[in-house]
$ cat structure09.cif   # mmCIF, C-alpha atoms
data_final
loop_
_atom_site.label_atom_id
_atom_site.label_comp_id
_atom_site.auth_asym_id
_atom_site.auth_seq_id
_atom_site.Cartn_x
_atom_site.Cartn_y
_atom_site.Cartn_z
CA MET K 59 -6.06 -16.32 18.33
CA ALA K 60 -8.07 -19.50 17.72
CA PRO K 61 -9.35 -21.37 20.85
CA ARG K 62 -7.15 -24.17 22.09
CA LYS K 63 -8.39 -27.74 21.77
CA SER K 64 -8.17 -30.32 24.54
CA VAL K 65 -7.28 -33.89 23.58
CA ASN K 66 -6.78 -37.10 25.53
CA ASN K 67 -3.14 -38.16 25.38
CA GLY K 68 -2.61 -41.33 27.34
CA GLY K 69 -5.32 -40.51 29.85
CA LYS K 70 -3.98 -37.02 30.43
CA ASN K 71 -5.47 -33.87 29.07
CA ALA K 72 -3.08 -31.79 26.99
CA GLU K 73 -3.61 -28.48 25.33
CA LEU K 74 -2.61 -28.01 21.74
CA ALA K 75 -1.48 -24.43 21.12
CA PRO K 76 -1.94 -23.05 17.62
CA ALA K 77 1.03 -23.27 15.28
CA LEU K 78 3.55 -20.50 15.70
CA GLU K 79 3.31 -18.90 12.28
CA PRO K 80 4.40 -15.33 11.58
CA THR K 81 1.51 -12.95 11.15
CA ILE K 82 2.05 -10.14 8.67
CA ASN K 83 -0.51 -7.36 8.71
CA SER K 84 -1.24 -4.90 5.96
CA SER K 85 -3.16 -1.64 5.92
CA ILE K 86 -4.41 -2.15 2.37
CA GLU K 87 -7.78 -3.85 1.91
CA LYS K 88 -9.52 -4.37 -1.40
CA GLU K 89 -13.22 -4.97 -1.60
CA LYS K 90 -14.28 -7.53 -4.20
CA GLY K 91 -18.01 -7.92 -3.99
CA ASP K 92 -18.85 -9.09 -0.47
CA VAL K 93 -15.41 -10.59 0.15
CA SER K 94 -12.64 -8.53 1.77
CA VAL K 95 -9.24 -9.52 0.41
CA ILE K 96 -6.25 -8.43 2.51
CA SER K 97 -2.97 -8.17 0.63
CA THR K 98 -0.03 -9.30 2.78
CA LEU K 99 3.60 -10.19 2.34
CA ALA K 100 2.70 -13.84 2.84
CA THR K 101 0.34 -13.77 -0.17
CA ASP K 102 2.58 -11.71 -2.45
CA PRO K 103 4.22 -13.39 -5.45
CA LEU K 104 7.93 -14.08 -5.39
CA PRO K 105 10.16 -11.09 -6.20
CA THR K 106 11.00 -10.60 -9.86
CA ILE K 107 13.43 -7.69 -9.42
CA LYS K 108 16.86 -8.75 -8.24
CA VAL K 109 19.62 -6.44 -7.02
CA ASN K 110 22.95 -6.76 -5.29
CA ASN K 111 21.90 -6.22 -1.68
CA ALA K 112 25.48 -5.27 -0.78
CA ASN K 113 25.44 -2.30 -3.18
CA LEU K 114 23.42 0.59 -1.71
CA GLY K 115 23.63 2.53 -4.97
CA GLU K 116 22.02 -0.29 -6.92
CA VAL K 117 19.38 -0.80 -4.24
CA LYS K 118 18.54 2.92 -4.20
CA ALA K 119 18.25 3.05 -8.01
CA ALA K 120 15.85 0.09 -8.04
CA LEU K 121 13.67 1.49 -5.24
CA ASP K 122 13.67 4.94 -6.88
CA GLU K 123 12.36 3.41 -10.09
CA ILE K 124 9.50 1.77 -8.21
CA VAL K 125 8.66 5.11 -6.58
CA LYS K 126 8.48 6.81 -9.99
CA LYS K 127 6.19 4.18 -11.46
CA HIS K 128 3.99 4.13 -8.37
CA LEU K 129 3.47 7.89 -8.45
CA GLN K 130 2.57 7.73 -12.14
CA ASN K 131 0.06 4.99 -11.33
CA GLN K 132 -1.43 7.43 -8.81
CA SER K 133 -2.22 9.78 -11.75
CA PHE K 134 0.73 12.11 -11.11
CA THR K 135 2.27 13.59 -14.25
CA PRO K 136 6.08 13.82 -13.90
CA SER K 137 7.90 17.05 -14.57
CA LEU K 138 10.12 17.00 -17.69
CA LEU K 139 12.49 19.72 -16.53
CA HIS K 140 15.33 17.50 -15.31
CA PRO K 141 15.17 15.00 -18.22
CA THR K 142 15.16 17.91 -20.66
CA VAL K 143 18.26 19.44 -19.08
CA HIS K 144 20.03 16.06 -19.04
CA LEU K 145 19.27 15.35 -22.68
CA SER K 146 20.12 18.86 -23.83
CA LEU K 147 23.52 18.95 -22.13
CA GLY K 148 24.29 15.35 -23.03
CA TYR K 149 23.43 15.65 -26.72
CA SER K 150 25.23 18.99 -26.94
CA SER K 151 28.39 17.35 -25.57
CA VAL K 152 28.15 14.49 -28.06
CA ILE K 153 27.50 16.78 -31.02
CA LEU K 154 30.42 19.00 -30.06
CA ALA K 155 32.78 16.03 -29.75
CA LEU K 156 31.68 14.44 -33.04
CA SER K 157 31.92 17.73 -34.91
CA SER K 158 35.48 18.28 -33.74
CA VAL K 159 36.47 14.75 -34.74
CA LEU K 160 34.96 15.10 -38.20
CA TYR K 161 36.69 18.44 -38.66
CA SER K 162 40.06 16.96 -37.65
CA LEU K 163 39.64 14.24 -40.29
CA LYS K 164 39.19 16.75 -43.09
CA VAL K 165 42.11 19.05 -42.29
CA ASP K 166 45.65 18.58 -41.04
CA PHE K 167 46.12 17.84 -37.37
CA GLU K 168 48.07 21.04 -36.74
CA ASP K 169 45.35 23.12 -38.37
CA SER K 170 42.62 21.39 -36.34
CA LYS K 171 44.26 22.00 -32.95
CA PRO K 172 42.41 25.26 -32.20
CA ILE K 173 39.05 23.65 -32.96
CA LEU K 174 39.94 20.57 -30.91
CA TRP K 175 40.90 22.74 -27.95
CA ILE K 176 37.62 24.61 -28.21
CA ALA K 177 35.76 21.28 -28.35
CA VAL K 178 37.60 19.92 -25.30
CA VAL K 179 36.95 23.04 -23.26
CA GLY K 180 33.32 23.18 -24.37
CA TYR K 181 32.76 19.49 -23.58
CA THR K 182 34.28 19.95 -20.14
CA ILE K 183 32.09 22.96 -19.42
CA LEU K 184 28.93 21.13 -20.46
CA GLN K 185 29.76 18.13 -18.28
CA VAL K 186 30.55 20.36 -15.31
CA VAL K 187 27.22 22.15 -15.74
CA LEU K 188 25.45 18.78 -15.86
CA TRP K 189 27.24 17.61 -12.71
CA ALA K 190 26.42 20.86 -10.90
CA TRP K 191 22.77 20.59 -11.96
CA LYS K 192 22.50 17.10 -10.50
CA LYS K 193 24.28 18.05 -7.28
CA TRP K 194 22.75 21.43 -6.43
CA ILE K 195 19.48 21.57 -8.38
CA GLU K 196 18.14 18.02 -8.29
CA LYS K 197 19.65 17.20 -4.88
CA GLY K 198 18.61 13.56 -4.98
CA GLU K 199 15.18 14.26 -6.42
CA VAL K 200 13.40 11.08 -7.45
CA PHE K 201 10.07 12.43 -8.61
CA LYS K 202 8.45 15.80 -9.12
CA GLY K 203 5.04 16.13 -10.66
CA LYS K 204 1.44 17.14 -10.27
CA ARG K 205 -2.10 15.89 -10.76
CA ARG K 206 -5.45 17.61 -11.00
CA ARG K 207 -8.55 16.20 -9.37
CA MET K 208 -12.08 17.21 -8.60
CA VAL K 209 -12.94 17.47 -4.88
CA LYS K 210 -16.01 19.75 -5.05
CA ARG K 211 -13.62 21.95 -7.05
CA ILE K 212 -10.56 21.48 -9.24
CA GLU K 213 -7.48 21.04 -7.08
CA THR K 214 -3.88 20.49 -8.15
CA ASP K 215 -1.53 18.35 -6.08
CA HIS K 216 2.16 19.21 -6.46
CA ILE K 217 4.54 16.63 -5.04
CA GLN K 218 8.32 16.37 -4.77
CA ILE K 219 10.18 13.33 -3.47
CA LEU K 220 13.85 13.17 -2.49
CA SER K 221 15.50 9.88 -1.59
CA SER K 222 18.69 8.82 0.13
CA THR K 223 20.26 5.79 1.75
CA SER K 224 22.00 5.57 5.10
CA LEU K 225 23.97 2.94 6.99
CA ASP K 226 22.00 3.82 10.12
CA SER K 227 18.48 2.78 11.01
CA PRO K 228 15.71 5.20 10.01
CA SER K 229 14.71 7.93 12.42
CA GLN K 230 11.18 8.51 13.64
CA PRO K 231 8.89 9.94 10.93
CA GLN K 232 8.31 13.69 11.08
CA LEU K 233 5.34 15.40 9.48
CA THR K 234 5.22 19.19 9.20
CA ILE K 235 1.89 20.73 8.20
CA SER K 236 1.20 24.32 7.25
CA PRO K 237 -1.71 26.21 8.86
CA HIS K 238 -3.71 25.74 5.64
CA THR K 239 -5.70 22.54 5.30
CA ARG K 240 -7.96 21.27 2.58
CA PRO K 241 -11.48 21.90 3.91
CA SER K 242 -13.36 19.65 1.53
CA SER K 243 -10.99 16.78 0.80
CA PRO K 244 -11.87 13.37 2.24
CA SER K 245 -8.16 12.55 2.62
CA SER K 246 -7.03 15.76 4.33
CA VAL K 247 -4.54 15.52 7.20
CA PRO K 248 -5.35 17.15 10.56
CA THR K 249 -3.50 20.37 11.25
CA SER K 250 -0.79 20.44 13.89
CA PRO K 251 -1.67 22.57 16.94
CA ASN K 252 1.42 24.73 16.41
CA PRO K 253 2.98 23.80 13.07
CA SER K 254 5.02 26.97 12.71
CA THR K 255 7.26 26.26 15.72
CA SER K 256 8.12 22.59 15.44
CA PRO K 257 7.32 19.62 13.21
CA SER K 258 4.61 17.32 14.45
CA THR K 259 5.09 13.58 14.63
CA ILE K 260 1.91 11.72 13.82
CA PRO K 261 1.44 8.57 15.95
CA ASN K 262 0.02 6.40 13.15
CA LEU K 263 2.89 6.97 10.73
CA PRO K 264 4.76 3.82 9.66
CA THR K 265 7.52 3.33 12.18
CA THR K 266 10.23 0.71 12.42
CA THR K 267 10.70 -0.90 15.79
CA LEU K 268 14.27 -2.04 16.35
CA SER K 269 14.35 -5.56 17.66
CA SER K 270 16.91 -6.64 20.21
CA SER K 271 19.22 -9.59 19.90
CA THR K 272 18.97 -12.72 22.03
CA ASN K 273 21.26 -11.42 24.74
CA GLY K 274 19.32 -8.18 24.98
CA SER K 275 22.44 -6.03 24.88
CA GLU K 276 22.62 -5.23 21.17
CA THR K 277 20.14 -3.51 18.91
CA VAL K 278 19.63 -4.62 15.34
CA VAL K 279 20.45 -1.78 12.98
CA GLY K 280 21.04 -1.68 9.29
CA PRO K 281 20.99 0.41 6.14
CA SER K 282 17.81 2.33 5.53
CA TYR K 283 16.00 3.91 2.60
CA ASN K 284 14.83 7.42 3.44
CA LEU K 285 12.31 9.68 1.72
CA GLN K 286 11.58 13.38 2.06
CA LEU K 287 8.21 14.25 0.55
CA THR K 288 6.77 17.72 0.02
CA LEU K 289 3.14 18.25 -0.98
CA SER K 290 1.31 21.45 -1.82
CA ILE K 291 -2.32 21.56 -2.90
CA THR K 292 -3.58 24.58 -4.80
CA SER K 293 -6.72 25.71 -6.58
CA ASN K 294 -7.75 28.58 -8.83
CA ASN K 295 -4.82 27.93 -11.17
CA GLY K 296 -2.28 28.01 -8.35
CA LYS K 297 -3.47 31.30 -6.86
CA SER K 298 -4.91 29.75 -3.69
CA LEU K 299 -2.82 27.52 -1.41
CA ILE K 300 -5.04 25.00 0.35
CA HIS K 301 -2.63 22.59 1.98
CA LYS K 302 1.13 22.20 2.35
CA SER K 303 3.00 19.47 4.20
CA ARG K 304 6.41 17.84 4.41
CA LEU K 305 7.14 14.31 5.56
CA ILE K 306 10.50 12.73 6.39
CA VAL K 307 10.27 8.96 6.73
CA GLY K 308 12.47 5.91 6.29
CA LYS K 309 12.42 2.13 6.31
CA LEU K 310 15.01 -0.56 6.87
CA ILE K 311 16.23 -1.97 3.57
CA GLY K 312 16.16 -5.45 5.10
CA GLU K 313 12.36 -5.18 5.31
CA LEU K 314 12.12 -4.48 1.58
CA ILE K 315 14.74 -6.84 0.14
CA ASP K 316 15.21 -10.52 0.94
CA GLU K 317 18.49 -12.32 1.46
CA ASP K 318 18.79 -13.15 -2.25
CA GLY K 319 18.40 -9.52 -3.31
CA GLY K 320 14.78 -9.82 -4.38
CA ILE K 321 12.76 -6.62 -3.92
CA GLU K 322 9.38 -7.10 -2.27
CA LYS K 323 7.65 -4.74 -4.67
CA ASN K 324 4.13 -5.14 -3.31
CA GLU K 325 5.26 -4.63 0.28
CA PHE K 326 7.17 -1.52 -0.76
CA GLU K 327 4.15 -0.12 -2.59
CA ARG K 328 1.91 -0.75 0.43
CA TRP K 329 4.36 1.24 2.54
CA LEU K 330 4.36 4.00 -0.09
CA ASN K 331 0.56 4.15 0.01
CA THR K 332 0.68 4.59 3.79
CA VAL K 333 3.28 7.34 3.46
CA LEU K 334 1.20 9.16 0.82
CA ASP K 335 -1.89 8.92 3.01
CA ASP K 336 -0.03 10.46 5.94
CA LEU K 337 1.31 13.20 3.69
CA GLY K 338 -2.20 14.04 2.48
CA ALA K 339 -1.80 12.76 -1.07
CA GLY K 340 -3.86 9.62 -0.65
CA VAL K 341 -6.47 8.70 -3.23
CA ASP K 342 -10.08 8.47 -2.17
CA GLY K 343 -12.69 6.59 -4.12
CA GLU K 344 -14.77 9.74 -4.55
CA ASP K 345 -11.96 11.72 -6.16
CA GLU K 346 -12.20 12.36 -9.88
CA PHE K 347 -9.01 12.97 -11.81
CA GLU K 348 -9.36 15.54 -14.51
CA GLY K 349 -7.46 13.38 -16.97
CA ASN K 350 -9.94 10.55 -16.41
CA LYS K 351 -13.13 12.60 -16.61
CA GLU K 352 -15.38 12.05 -19.56
CA GLU K 353 -15.98 15.09 -21.61
#

$ encode --input "structure09.cif" --output "structure tokens"
Amino acid sequence: MAPRKSVNNGGKNAELAPALEPTINSSIEKEKGDVSVISTLATDPLPTIKVNNANLGEVKAALDEIVKKHLQNQSFTPSLLHPTVHLSLGYSSVILALSSVLYSLKVDFEDSKPILWIAVVGYTILQVVLWAWKKWIEKGEVFKGKRRRMVKRIETDHIQILSSTSLDSPSQPQLTISPHTRPSSPSSVPTSPNPSTSPSTIPNLPTTTLSSSTNGSETVVGPSYNLQLTLSITSNNGKSLIHKSRLIVGKLIGELIDEDGGIEKNEFERWLNTVLDDLGAGVDGEDEFEGNKEE
């Protein structure tokens, strides 16, 4: 806090306190020459992505899209398994429906009934398979991918992110770490003393403090955006497991979206960077990504 200044006000000394302005801190610092530039919510540009803040489904879809793009910017290559299954089942349903329609136009309606019944049953089966795949295989998966980097050896980071929304406030972050840690990585996470019995909660994880109302009897709660991240780091073409961790974390949606429905993209990405660092998937300046190495 800046020192207070004393002024003479009608013969009496008065102290001028500094202006009460909200201070917003950020954990991301960028070095530009000799000047340290701190990126904060106060210096961020106005939101360009607008959503209906009363529709949790729309909010989740918009935040999920930012997560996908952010992970790709972190040199993660997304898995094409789920998109391939979606496109295959979807196009198969369309082709089956169009083929039955074209067939019914060439022959009499009574003669085309068996083919139409087969098409209806087949279309229904394909759509049920697609629904079951999304419900029991994807299970809310937002991103799944991997990246290869050089940390005194070639290591592969495999990451999976599941997202969900809740009408309750987010719970305390929980980080579970396997007994294996990356011995040579600058961004490795310390091992829990007894990770096999219970998850460890890391003190410096991003937490949301619930503020009380003016009367002190009510606690401010609201919908939250929750993430479940799983990271495994392997080497030797997946034969050696170096590190494995799982992080469950959440954030109040009101801290990411303003009253007009604008998404604070930069603030959200800063929070994602903190979450990835705590998971053990942070990027260090000394890391070399295999895709970016010069031959």

$ closest_residue --input "structure09.cif" --among "K:Ser224, K:Thr332, K:Asn294, K:Asn324" --to "K:Leu310" --atoms "all atoms listed in the file"
K:Ser224

$ closest_residue --input "structure09.cif" --among "K:Ala100, K:Val125, K:Ile176, K:Leu163" --to "K:Leu330" --atoms "all atoms listed in the file"
K:Val125

$ resolve_selection --input "structure09.cif" --expression "the PyMOL selection byres ((chain K and resi 314) around 12)" --output "MDAnalysis selection string"
chainID K and resid 99 105 107:109 111 117:118 120:121 124 281:283 308:313 315:330

$ resolve_selection --input "structure09.cif" --expression "the PyMOL selection byres ((chain K and resi 171-175) around 9)" --output "list of chain:residue names"
K:Ala155, K:Ser158, K:Val159, K:Tyr161, K:Ser162, K:Asp166, K:Phe167, K:Glu168, K:Asp169, K:Ser170, K:Ile176, K:Ala177, K:Val178, K:Val179, K:Gly180

$ residues_around --input "structure09.cif" --residues "K:Glu213" --least-positions-apart "3" --cutoff "9 Å" --atoms "all atoms listed in the file" --output "PyMOL selection string"
chain K and resi 205-210+291-296+300

$ atom_distance --input "structure09.cif" --atom1 "atom CA of K:Glu123" --atom2 "atom CA of K:Thr288"
18.4 Å

$ atom_distance --input "structure09.cif" --atom1 "atom CA of K:Leu305" --atom2 "atom CA of K:Ser229"
12.0 Å

$ residues_around --input "structure09.cif" --residues "K:Lys204" --least-positions-apart "2" --cutoff "10 Å" --atoms "only C-alpha atoms" --output "VMD selection string"
chain K and resid 129 to 130 133 to 137 201 to 202 206 214 to 218 289 to 291

$ resolve_selection --input "structure09.cif" --expression "the PyMOL selection byres ((chain K and resi 286) around 8)" --output "PDB file with C-alpha atoms, in the frame of the given file"
ATOM      1  CA  ILE K 219      10.180  13.330  -3.470  1.00  0.00           C
ATOM      2  CA  LEU K 220      13.850  13.170  -2.490  1.00  0.00           C
ATOM      3  CA  SER K 221      15.500   9.880  -1.590  1.00  0.00           C
ATOM      4  CA  ASN K 284      14.830   7.420   3.440  1.00  0.00           C
ATOM      5  CA  LEU K 285      12.310   9.680   1.720  1.00  0.00           C
ATOM      6  CA  LEU K 287       8.210  14.250   0.550  1.00  0.00           C
ATOM      7  CA  THR K 288       6.770  17.720   0.020  1.00  0.00           C
ATOM      8  CA  ARG K 304       6.410  17.840   4.410  1.00  0.00           C
ATOM      9  CA  LEU K 305       7.140  14.310   5.560  1.00  0.00           C
ATOM     10  CA  ILE K 306      10.500  12.730   6.390  1.00  0.00           C
ATOM     11  CA  VAL K 307      10.270   8.960   6.730  1.00  0.00           C
TER      12      VAL K 307
END

$ residues_around --input "structure09.cif" --residues "K:Ser150" --least-positions-apart "4" --cutoff "10 Å" --atoms "only C-alpha atoms" --output "list in words"
His144, Leu145, Ser146, Leu154, Ala155, Leu156, Gly180, Tyr181, Leu184 and Gln185 of chain K

$ atom_distance --input "structure09.cif" --atom1 "atom CA of K:Asn131" --atom2 "atom CA of K:Asp336"
18.1 Å
